[in-house]
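*Asks:* target10.cif is reproduced below (mmCIF, C-alpha atoms).
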```
data_protein
loop_
_atom_site.label_atom_id
_atom_site.label_comp_id
_atom_site.auth_asym_id
_atom_site.auth_seq_id
_atom_site.Cartn_x
_atom_site.Cartn_y
_atom_site.Cartn_z
CA MET A 461 46.52 60.96 151.43
CA LYS A 462 47.99 57.95 149.62
CA PRO A 463 45.07 55.54 149.65
CA LEU A 464 44.60 51.95 148.63
CA VAL A 465 41.03 50.88 147.92
CA LEU A 466 40.31 47.17 148.35
CA GLY A 467 37.10 46.34 146.53
CA ALA A 468 37.56 49.25 144.15
CA ALA A 469 35.73 47.51 141.29
CA GLY A 470 32.59 46.94 143.35
CA PHE A 471 29.49 49.07 143.86
CA LEU A 472 30.79 51.15 146.76
CA GLY A 473 34.34 50.98 145.46
CA ILE A 474 33.59 52.72 142.19
CA ASN A 475 31.71 55.44 144.03
CA LEU A 476 34.63 55.82 146.44
CA VAL A 477 37.12 56.06 143.59
CA ASP A 478 34.98 58.83 142.07
CA ALA A 479 34.79 60.65 145.41
CA LEU A 480 38.54 60.41 145.96
CA VAL A 481 39.30 61.66 142.47
CA ALA A 482 36.80 64.51 142.93
CA ALA A 483 38.69 65.44 146.10
CA GLY A 484 41.95 65.57 144.15
CA ILE A 485 43.23 62.31 145.62
CA ALA A 486 44.68 59.60 143.37
CA PRO A 487 43.66 56.18 144.66
CA ARG A 488 45.50 52.92 144.09
CA CYS A 489 42.84 50.36 143.28
CA GLY A 490 43.10 46.80 144.50
CA ARG A 491 41.69 44.13 142.23
CA ARG A 492 41.54 40.39 141.83
CA THR A 493 42.67 38.70 138.64
CA ARG A 494 39.15 37.79 137.61
CA THR A 495 36.99 40.77 138.32
CA ASN A 496 35.08 43.24 136.20
CA VAL A 497 37.37 46.27 135.95
CA LEU A 498 35.66 48.01 133.02
CA ALA A 499 34.54 50.91 135.21
CA LEU A 500 38.03 51.32 136.67
CA ARG A 501 39.64 51.18 133.24
CA GLN A 502 37.32 53.97 132.11
CA ARG A 503 38.56 56.06 135.04
CA LYS A 504 42.23 55.48 134.16
CA VAL A 505 43.12 54.83 137.79
CA PRO A 506 46.13 52.69 138.73
CA MET A 507 45.25 49.11 139.57
CA VAL A 508 47.20 46.60 141.58
CA GLN A 509 46.63 42.90 142.14
CA ALA A 510 45.32 42.48 145.69
CA ASP A 511 43.75 39.10 146.22
CA LEU A 512 42.76 38.90 149.88
CA ASP A 513 44.02 35.32 149.98
CA SER A 514 47.50 36.43 148.91
CA PRO A 515 49.59 38.02 151.67
CA GLU A 516 52.31 38.71 149.09
CA GLN A 517 49.98 40.67 146.80
CA LEU A 518 48.51 42.56 149.76
CA ALA A 519 51.99 43.48 151.02
CA GLU A 520 52.91 44.86 147.61
CA ALA A 521 49.59 46.69 147.28
CA CYS A 522 50.01 48.32 150.74
CA SER A 523 53.51 49.58 150.04
CA GLY A 524 53.68 53.38 150.42
CA VAL A 525 50.01 53.60 151.43
CA ASP A 526 48.89 55.62 154.45
CA VAL A 527 45.12 55.02 154.37
CA LEU A 528 43.60 51.70 153.38
CA PHE A 529 39.92 51.59 152.54
CA HIS A 530 38.73 48.02 153.02
CA LEU A 531 35.51 47.55 151.09
CA ALA A 532 36.16 43.95 150.12
CA GLY A 533 35.11 42.14 153.26
CA HIS A 534 33.70 38.71 152.49
CA TYR A 535 30.04 38.78 151.43
CA PRO A 536 28.85 35.19 151.14
CA ARG A 537 26.77 34.53 148.03
CA LEU A 538 24.57 32.18 150.02
CA SER A 539 23.90 31.85 153.75
CA LEU A 540 24.02 28.05 153.95
CA ASP A 541 27.57 27.64 155.29
CA LEU A 542 28.18 29.74 158.41
CA ALA A 543 31.42 28.00 159.40
CA GLY A 544 32.88 28.37 155.90
CA ALA A 545 31.87 32.02 155.68
CA LEU A 546 33.42 32.80 159.06
CA GLU A 547 36.64 30.97 158.24
CA LEU A 548 37.08 32.75 154.91
CA GLY A 549 35.96 36.19 156.06
CA LEU A 550 38.12 36.27 159.17
CA ARG A 551 41.15 34.80 157.42
CA GLN A 552 41.00 37.40 154.66
CA LEU A 553 40.51 40.22 157.16
CA GLU A 554 43.54 38.97 159.09
CA ASN A 555 45.57 39.02 155.87
CA VAL A 556 44.54 42.62 155.18
CA LEU A 557 45.30 43.84 158.70
CA ASP A 558 48.65 42.02 158.76
CA ALA A 559 49.69 43.50 155.42
CA ALA A 560 48.58 46.99 156.46
CA ALA A 561 50.40 46.82 159.78
CA LEU A 562 53.60 45.48 158.22
CA ALA A 563 53.56 48.16 155.52
CA GLY A 564 53.14 50.95 158.05
CA VAL A 565 49.65 51.96 156.93
CA LYS A 566 48.41 54.61 159.38
CA ARG A 567 44.68 54.06 159.16
CA VAL A 568 42.29 51.39 157.91
CA VAL A 569 38.78 52.52 157.12
CA TYR A 570 36.87 49.26 157.33
CA VAL A 571 33.43 49.08 155.77
CA SER A 572 31.19 46.91 157.89
CA SER A 573 27.38 46.88 157.86
CA THR A 574 24.40 48.07 159.84
CA ALA A 575 23.80 44.36 160.43
CA THR A 576 26.08 44.82 163.45
CA VAL A 577 23.86 47.51 164.98
CA ALA A 578 21.61 46.14 167.71
CA PRO A 579 18.15 47.37 168.70
CA ARG A 580 18.29 50.04 171.39
CA ALA A 581 17.30 48.45 174.69
CA SER A 582 15.48 51.57 175.81
CA GLY A 583 13.64 51.89 172.49
CA GLY A 584 14.10 54.57 169.84
CA ALA A 585 16.69 54.81 167.12
CA SER A 586 19.95 52.90 167.49
CA THR A 587 23.29 54.69 167.51
CA GLU A 588 26.94 53.68 167.32
CA ALA A 589 26.72 52.69 170.98
CA ASP A 590 24.30 49.88 170.18
CA LEU A 591 26.24 46.74 169.37
CA PHE A 592 25.11 43.16 169.71
CA LEU A 593 26.94 41.78 172.76
CA ALA A 594 27.47 38.45 171.00
CA PRO A 595 27.23 37.38 167.35
CA PRO A 596 23.59 37.35 166.21
CA THR A 597 22.38 33.80 165.84
CA PHE A 598 19.63 34.34 163.30
CA GLY A 599 21.67 34.52 160.09
CA THR A 600 25.05 33.90 158.49
CA TYR A 601 25.48 37.44 157.17
CA HIS A 602 24.77 39.08 160.52
CA ALA A 603 27.05 36.67 162.40
CA LEU A 604 29.86 37.12 159.88
CA LYS A 605 29.67 40.91 159.84
CA TRP A 606 29.62 40.99 163.65
CA GLN A 607 32.66 38.73 163.94
CA MET A 608 34.60 40.65 161.31
CA GLU A 609 33.80 44.02 162.82
CA ALA A 610 34.74 42.77 166.28
CA ARG A 611 38.10 41.59 164.92
CA ALA A 612 38.71 44.90 163.16
CA LEU A 613 37.96 46.85 166.34
CA ARG A 614 40.38 44.66 168.34
CA GLU A 615 43.26 45.69 166.06
CA ASP A 616 45.98 47.47 168.03
CA ARG A 617 48.82 47.76 165.53
CA LEU A 618 47.20 50.59 163.59
CA GLU A 619 44.12 52.80 163.72
CA VAL A 620 40.94 51.14 162.49
CA ILE A 621 37.81 53.15 161.78
CA VAL A 622 34.57 51.27 161.17
CA ALA A 623 31.85 52.57 158.87
CA CYS A 624 28.44 50.89 159.02
CA PRO A 625 26.51 51.81 155.89
CA ALA A 626 22.85 50.93 155.53
CA ALA A 627 21.59 49.26 152.33
CA CYS A 628 23.31 51.23 149.60
CA LEU A 629 21.38 52.52 146.62
CA GLY A 630 22.61 54.51 143.66
CA PRO A 631 24.68 54.19 140.51
CA TRP A 632 27.18 51.38 139.85
CA ASP A 633 25.42 48.48 141.57
CA LEU A 634 26.49 46.37 138.62
CA ARG A 635 25.71 43.08 140.34
CA VAL A 636 22.28 44.38 141.35
CA GLY A 637 22.84 43.57 144.99
CA THR A 638 21.03 45.89 147.36
CA SER A 639 19.14 47.30 144.36
CA ALA A 640 17.51 43.92 143.68
CA LEU A 641 14.14 44.70 145.27
CA LEU A 642 14.12 48.13 143.65
CA VAL A 643 14.84 46.71 140.19
CA ALA A 644 12.29 43.93 140.60
CA THR A 645 9.61 46.42 141.66
CA ALA A 646 10.45 48.80 138.81
CA ARG A 647 10.24 45.91 136.35
CA GLY A 648 6.89 44.84 137.74
CA LEU A 649 8.29 41.55 139.02
CA PRO A 650 6.93 41.27 142.55
CA VAL A 651 9.28 39.39 144.85
CA PRO A 652 8.03 37.65 147.97
CA HIS A 653 9.32 39.69 150.90
CA PRO A 654 8.80 40.23 154.61
CA ASP A 655 8.03 43.62 156.10
CA GLY A 656 10.18 45.54 158.53
CA ILE A 657 12.41 48.55 158.79
CA VAL A 658 14.91 49.02 155.96
CA SER A 659 17.59 51.62 156.40
CA TRP A 660 19.05 52.89 153.15
CA VAL A 661 21.73 55.34 152.10
CA ASP A 662 23.03 56.74 148.81
CA ALA A 663 26.29 55.05 147.82
CA ARG A 664 27.69 58.46 146.84
CA ASP A 665 27.11 59.74 150.38
CA VAL A 666 28.83 56.68 151.79
CA ALA A 667 31.77 57.35 149.47
CA LEU A 668 31.99 60.95 150.63
CA ALA A 669 31.82 59.82 154.25
CA LEU A 670 34.66 57.36 153.67
CA VAL A 671 36.86 60.05 152.12
CA ARG A 672 36.21 62.27 155.14
CA LEU A 673 36.94 59.40 157.51
CA GLY A 674 40.23 58.93 155.70
CA LEU A 675 41.14 62.60 156.04
CA HIS A 676 39.70 63.36 159.49
CA ALA A 677 42.19 64.32 162.21
CA ALA A 678 40.19 62.55 164.92
CA PRO A 679 37.44 60.50 163.34
CA PRO A 680 34.80 58.63 165.31
CA ARG A 681 35.77 54.99 165.84
CA ARG A 682 32.48 53.61 164.54
CA VAL A 683 29.97 55.52 162.47
CA ILE A 684 26.53 54.67 161.13
CA LEU A 685 25.77 55.87 157.59
CA SER A 686 22.04 55.91 156.99
CA ALA A 687 19.71 58.40 155.33
CA GLU A 688 16.35 57.04 156.45
CA SER A 689 14.78 54.02 158.10
CA PRO A 690 11.31 53.57 156.57
CA ARG A 691 9.18 50.44 156.62
CA LEU A 692 9.62 48.33 153.51
CA GLN A 693 5.99 47.76 152.51
CA PRO A 694 4.99 51.43 152.10
CA LEU A 695 8.38 52.09 150.50
CA LEU A 696 7.72 49.40 147.88
CA GLY A 697 4.30 50.97 147.29
CA ASP A 698 5.93 54.34 146.63
CA LEU A 699 8.45 52.73 144.28
CA ALA A 700 5.72 50.88 142.38
CA ARG A 701 3.89 54.16 141.84
CA ARG A 702 7.09 55.88 140.71
CA TYR A 703 7.73 53.24 138.05
CA GLY A 704 4.11 52.75 137.09
CA ALA A 705 4.30 49.13 138.21
CA ALA A 706 1.78 46.91 139.98
CA PRO A 707 1.49 47.44 143.73
CA PRO A 708 3.69 45.15 145.85
CA SER A 709 2.32 41.83 147.02
CA LEU A 710 1.36 41.48 150.66
CA PRO A 711 4.37 40.80 152.87
CA LEU A 712 5.24 37.33 154.11
CA THR A 713 5.52 36.68 157.82
CA ALA A 714 9.09 36.48 159.10
CA MET A 715 8.88 32.68 159.31
CA GLU A 716 7.48 32.39 155.80
CA ALA A 717 10.18 34.68 154.44
CA VAL A 718 13.00 32.75 156.06
CA ALA A 719 11.58 29.46 154.79
CA PHE A 720 11.23 30.92 151.30
CA CYS A 721 14.82 32.20 151.30
CA ASP A 722 16.21 28.92 152.56
CA GLU A 723 14.35 27.03 149.87
CA GLU A 724 15.61 29.47 147.24
CA GLU A 725 19.19 29.24 148.50
CA THR A 726 19.08 25.45 148.46
CA ARG A 727 17.83 25.60 144.87
CA ALA A 728 20.55 28.11 143.92
CA ALA A 729 23.25 25.99 145.55
CA ARG A 730 22.06 22.95 143.60
CA SER A 731 21.47 24.46 140.19
CA GLY A 732 23.29 27.81 140.19
CA GLY A 733 21.73 31.20 139.68
CA ARG A 734 20.53 33.55 142.38
CA PRO A 735 17.86 33.11 145.01
CA ALA A 736 14.74 35.18 144.31
CA LEU A 737 15.21 36.76 147.73
CA ALA A 738 18.60 36.65 149.44
CA ARG A 739 18.50 35.38 152.99
CA GLU A 740 20.64 38.25 154.31
CA LEU A 741 18.21 40.74 152.79
CA ALA A 742 15.29 39.06 154.53
CA ASP A 743 17.23 39.04 157.83
CA LEU A 744 18.09 42.71 157.44
CA ILE A 745 14.42 43.54 156.88
CA ILE A 746 13.03 41.30 159.63
CA HIS A 747 15.58 42.46 162.20
CA GLY A 748 15.90 46.00 160.89
CA VAL A 749 16.01 48.80 163.41
CA GLU A 750 15.60 52.53 163.12
CA LEU A 751 19.04 54.15 162.89
CA ASP A 752 20.30 57.47 164.16
CA ALA A 753 23.08 58.76 161.90
CA SER A 754 23.50 62.10 163.64
CA LEU A 755 27.14 61.32 164.48
CA ALA A 756 27.94 61.09 160.76
CA ARG A 757 26.04 64.30 160.10
CA SER A 758 27.88 66.23 162.79
CA SER A 759 31.38 64.77 162.76
CA LEU A 760 31.68 64.31 158.99
CA ASP A 761 29.54 67.29 157.99
CA LEU A 762 27.35 65.03 155.88
CA GLN A 763 23.93 65.76 154.48
CA PHE A 764 22.33 62.57 153.27
CA ARG A 765 20.55 62.84 149.96
CA PRO A 766 16.78 62.34 149.83
CA LEU A 767 15.43 59.19 148.17
CA ALA A 768 14.14 61.00 145.07
CA ASN A 769 17.64 62.27 144.30
CA THR A 770 19.13 58.80 144.77
CA LEU A 771 16.48 57.18 142.57
CA ASP A 772 16.93 59.77 139.83
CA ALA A 773 20.66 59.00 139.71
CA PHE A 774 20.05 55.26 139.87
CA ASP A 775 17.45 55.40 137.08
CA GLU A 776 19.70 57.41 134.79
CA TRP A 777 22.57 54.98 135.28
CA ALA A 778 20.44 51.81 135.26
CA ARG A 779 18.77 52.79 132.00
CA ARG A 780 22.15 53.48 130.44
CA VAL A 781 23.44 50.01 131.28
CA ARG A 782 20.04 48.39 130.56
CA ILE A 783 19.40 47.20 134.11
CA LEU A 784 16.12 49.08 133.85
CA PRO A 785 14.11 49.35 130.67
CA SER A 786 14.46 52.84 129.32
CA LEU A 787 10.80 53.81 129.03
CA ASN A 788 9.36 52.86 132.40
CA LEU A 789 10.02 56.08 134.22
CA GLN A 790 9.04 58.31 131.32
CA GLU A 791 5.79 56.40 130.90
CA ALA A 792 5.03 56.64 134.59
CA GLN A 793 5.62 60.38 134.65
CA SER A 794 3.74 61.21 131.44
CA MET B 973 46.96 31.90 131.22
CA ARG B 974 46.69 34.62 128.57
CA ALA B 975 45.42 34.16 125.05
CA ASP B 976 48.04 33.90 122.30
CA PRO B 977 48.65 37.55 121.29
CA THR B 978 49.40 36.53 117.72
CA ALA B 979 46.09 34.70 117.31
CA THR B 980 43.07 36.21 115.54
CA VAL B 981 40.56 38.30 117.45
CA ASP B 982 38.00 35.53 116.99
CA SER B 983 40.18 32.90 118.58
CA ARG B 984 41.29 35.19 121.39
CA VAL B 985 37.67 35.91 122.27
CA VAL B 986 36.82 32.22 122.14
CA TYR B 987 39.82 31.40 124.31
CA ILE B 988 38.77 33.91 126.97
CA ILE B 989 35.23 32.53 126.97
CA SER B 990 36.63 29.04 127.44
CA GLN B 991 38.35 30.27 130.59
CA LEU B 992 35.00 31.23 132.05
CA VAL B 993 32.76 28.33 131.09
CA PRO B 994 33.28 24.56 131.10
CA VAL B 995 33.28 24.35 127.31
CA LYS B 996 36.27 23.61 125.08
CA PRO B 997 37.29 26.38 122.63
CA GLU B 998 36.63 24.16 119.61
CA GLN B 999 33.02 23.68 120.76
CA ILE B 1000 32.26 27.41 121.08
CA LEU B 1001 30.42 28.84 118.07
CA ALA B 1002 29.67 32.41 117.03
CA GLU B 1003 25.93 31.85 117.31
CA HIS B 1004 26.15 30.59 120.89
CA ARG B 1005 24.30 32.79 123.36
CA LEU B 1006 26.43 33.66 126.37
CA ARG B 1007 23.73 32.94 128.92
CA GLU B 1008 21.35 30.39 127.46
CA ASP B 1009 23.91 28.27 125.59
CA LEU B 1010 27.12 28.77 127.55
CA GLY B 1011 25.67 29.14 131.03
CA MET B 1012 27.13 32.55 131.76
CA ASP B 1013 25.28 34.93 134.07
CA SER B 1014 25.33 38.72 134.17
CA VAL B 1015 28.42 38.72 136.37
CA SER B 1016 30.48 36.36 134.24
CA SER B 1017 29.32 38.14 131.07
CA MET B 1018 30.73 41.40 132.41
CA GLU B 1019 33.84 39.57 133.54
CA LEU B 1020 34.27 38.32 129.99
CA LEU B 1021 34.09 41.80 128.52
CA SER B 1022 36.43 43.09 131.21
CA MET B 1023 38.99 40.37 130.44
CA LEU B 1024 38.62 41.14 126.76
CA ALA B 1025 39.17 44.86 127.35
CA GLU B 1026 42.34 44.09 129.29
CA GLU B 1027 43.58 41.46 126.86
CA LEU B 1028 43.18 43.71 123.82
CA ASP B 1029 43.61 47.03 125.66
CA LEU B 1030 40.21 48.32 124.59
CA ASP B 1031 38.36 51.30 126.05
CA VAL B 1032 35.08 49.44 126.40
CA GLY B 1033 32.56 50.99 128.78
CA VAL B 1034 29.98 49.23 130.90
CA GLU B 1035 27.20 50.70 128.77
CA ASP B 1036 28.82 49.35 125.58
CA ILE B 1037 28.31 45.76 126.63
CA ALA B 1038 24.63 45.91 127.51
CA ASP B 1039 23.51 44.50 124.18
CA VAL B 1040 26.20 41.86 123.78
CA HIS B 1041 24.47 38.52 124.12
CA THR B 1042 26.31 36.11 121.80
CA VAL B 1043 29.84 34.99 121.03
CA GLY B 1044 29.56 36.61 117.60
CA ALA B 1045 28.44 39.92 119.11
CA THR B 1046 31.38 39.77 121.51
CA ILE B 1047 33.78 39.28 118.62
CA ALA B 1048 32.12 42.11 116.68
CA LEU B 1049 32.41 44.43 119.69
CA ALA B 1050 36.10 43.61 120.04
CA LYS B 1051 36.70 44.30 116.36
CA THR B 1052 34.80 47.59 116.51
CA PHE B 1053 36.84 48.84 119.42
CA LEU B 1054 40.08 47.59 117.91
CA ALA B 1055 39.26 49.54 114.75
CA LYS B 1056 38.53 52.66 116.85
CA LYS B 1057 41.85 52.20 118.61
CA GLY B 1058 43.68 51.92 115.35
CA ALA B 1059 41.88 54.86 113.71
#
```
Render the structure in this file as structure tokens.

*Replies:*
Amino acid sequence: MKPLVLGAAGFLGINLVDALVAAGIAPRCGRRTRTNVLALRQRKVPMVQADLDSPEQLAEACSGVDVLFHLAGHYPRLSLDLAGALELGLRQLENVLDAAALAGVKRVVYVSSTATVAPRASGGASTEADLFLAPPTFGTYHALKWQMEARALREDRLEVIVACPAACLGPWDLRVGTSALLVATARGLPVPHPDGIVSWVDARDVALALVRLGLHAAPPRRVILSAESPRLQPLLGDLARRYGAAPPSLPLTAMEAVAFCDEEETRAARSGGRPALARELADLIIHGVELDASLARSSLDLQFRPLANTLDAFDEWARRVRILPSLNLQEAQS
Amino acid sequence: MRADPTATVDSRVVYIISQLVPVKPEQILAEHRLREDLGMDSVSSMELLSMLAEELDLDVGVEDIADVHTVGATIALAKTFLAKKGA
């Protein structure tokens, strides 16, 4: 395999680079001019400029590549501008697909989201067959991910495989994205939150799944990557106990949570910084559904790691880079 | 635009910082804190160290930058890694 990884410097990207290297595959790593590439530099992997707004850079980056891992799909910082997010996300995806098709790339492994997985009409856990029939109307992130995935699946110039990972946990979440609630709980900083089902998966398992999707002779077209789908409130309680922190606050209602997020996003848009709770996270929790990842288990021969294993790896890494204070876990366990 | 490769480490660090924050190089002081005084966040702080590592070809790791909070500490880190490189 001669892979190009778009989004190689990000959370999933670094894990994918590690998984590719562990499999004896040398990845070419796409990067933007201004991005944190410290982790990639440490790995001594070749980097190439691949701004998704630059068809020229993408064409150059795709040259000689047979499998393109697209992990750099637009993730809007805030949810306030649906039209802008759709315009940017779809335009960049079009640029990537055009460059891949022109360069003769055989397969694109596109990383989407479980935000595109609909509740199962008959009840029970949702599978790859459960797609929203139209873009969800309750949030920018869900609508964007649906539209982008739909565009990727319409591609007919080359093979496109769609991976839908749940909320990723594990090492290398340098921007503290999906780990935000975990870090806040471990630090004893309760964040207002709704309750609902949260599906999670270890980023290292997602990386392994992506490698196998790249290598597979006849991969599934769309695959859900999820270890478990617990309810958030008891999960936060377990996490608080693990880190010796105060129990989580009572959950907000869905309406309260959305109002809180919107207020926080408006504040962040005005004065910078991050919202205390991201709107897409609240939407994912409120509209979360139980997921059935048996297709990934069977077709990719995957065994998803248990939460304790994921948290141990996250803790070790997060303490090393000071995202978590170093003594919390030891104190809690002593 | 890249920093002048013949300039001192101090001025190259200051130049890179000035690319990331709306502050002129001549107004950036060693004692300035990256976040509180210059308005950087955790993402732009890491971006700074990444740009610095590329600019000076330093093998700085993510864990090495956890305690870098000021312009002076950034300059000191760069000098430490430059010395290691030259050793």

*Asks:* Check which residues of chain B sit at most 10 Å from chain A using all atoms listed in the file, and return one row each with the closest pair of atoms and their distance in Å to one decimal, ordered by chain and rising number, as CSV.

*Replies:*
```
residue,atom,partner,partner_atom,distance
B:Leu992,CA,A:Arg494,CA,9.5
B:Gly1011,CA,A:Gly732,CA,9.6
B:Met1012,CA,A:Gly733,CA,9.7
B:Asp1013,CA,A:Gly733,CA,7.6
B:Ser1014,CA,A:Arg635,CA,7.6
B:Val1015,CA,A:Arg635,CA,6.5
B:Ser1016,CA,A:Asn496,CA,8.5
B:Ser1017,CA,A:Asn496,CA,9.2
B:Met1018,CA,A:Asn496,CA,6.1
B:Glu1019,CA,A:Asn496,CA,4.7
B:Leu1020,CA,A:Asn496,CA,8.0
B:Leu1021,CA,A:Leu498,CA,7.8
B:Ser1022,CA,A:Asn496,CA,5.2
B:Met1023,CA,A:Asn496,CA,7.5
B:Leu1024,CA,A:Leu498,CA,9.8
B:Ala1025,CA,A:Leu498,CA,7.4
B:Glu1026,CA,A:Arg501,CA,8.6
B:Asp1029,CA,A:Arg501,CA,9.5
B:Leu1030,CA,A:Arg501,CA,9.1
B:Asp1031,CA,A:Gln502,CA,6.7
B:Val1032,CA,A:Leu498,CA,6.8
B:Gly1033,CA,A:Leu498,CA,6.0
B:Val1034,CA,A:Leu498,CA,6.2
B:Glu1035,CA,A:Val781,CA,4.6
B:Asp1036,CA,A:Val781,CA,7.9
B:Ile1037,CA,A:Val781,CA,8.0
B:Ala1038,CA,A:Val781,CA,5.7
B:Asp1039,CA,A:Arg782,CA,8.2
```

*Asks:* Report as a count of residues only the full result of the PyMOL selection byres ((chain B and resi 1047) around 12) when it is applied to this structure.

*Replies:* 34

*Asks:* Might you spell out which residues the PyMOL selection byres ((chain A and resi 481) around 12) would select in the displayed file, as a PyMOL selection string?

*Replies:* chain A and resi 461-463+474-480+482-489+500+503-506+667-668+671

*Asks:* One decimal, Å: what's the distance from atom CA of Leu670 of chain A over to atom CA of Ala589 of chain A, could you say?

*Replies:*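 Here the two named atoms are 19.6 Å from each other.
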
*Asks:* Taking only C-alpha atoms into account, which of A:Leu737, A:Val569, A:Cys624, A:Val651 comes nearest Leu685 of chain A?

*Replies:*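 Closest to Leu685 of chain A of all the choices is A:Cys624.
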
*Asks:* Give me, please, the distance in Å between atom CA of Ile745 of chain A and atom CA of Asp655 of chain A, quoted to one decimal.

*Replies:*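 These two atoms are separated by 6.4 Å.
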
*Asks:* So which residues touch Ala626 of chain A within 6 Å, counting all atoms listed in the file, skipping near sequence neighbours fewer than 4 positions away, as a VMD selection string?

*Replies:* chain A and resid 574 659 to 661 686

*Asks:* Measure the distance from atom CA of Ala585 of chain A to atom CA of Asp752 of chain A in Å and round it to one decimal.

*Replies:* 5.4 Å

*Asks:* Taking all atoms of segment 480-499 of chain A that appear in the file, build a box with edges along x, y and z, extend it by 6 Å on every side, and state its centre and edge lengths in Å to one decimal, as lines of an AutoDock Vina configuration file.

*Replies:*
```
center_x = 40.0
center_y = 51.7
center_z = 139.6
size_x = 23.0
size_y = 39.8
size_z = 25.1
```

*Asks:* Quick one: apply the PyMOL selection byres ((chain A and resi 540-543) around 9) to the file and drop the selected residues here as number ranges by chain.

*Replies:* A: 536, 538-539, 544-548, 599-601, 603-604, 722, 725-726, 729
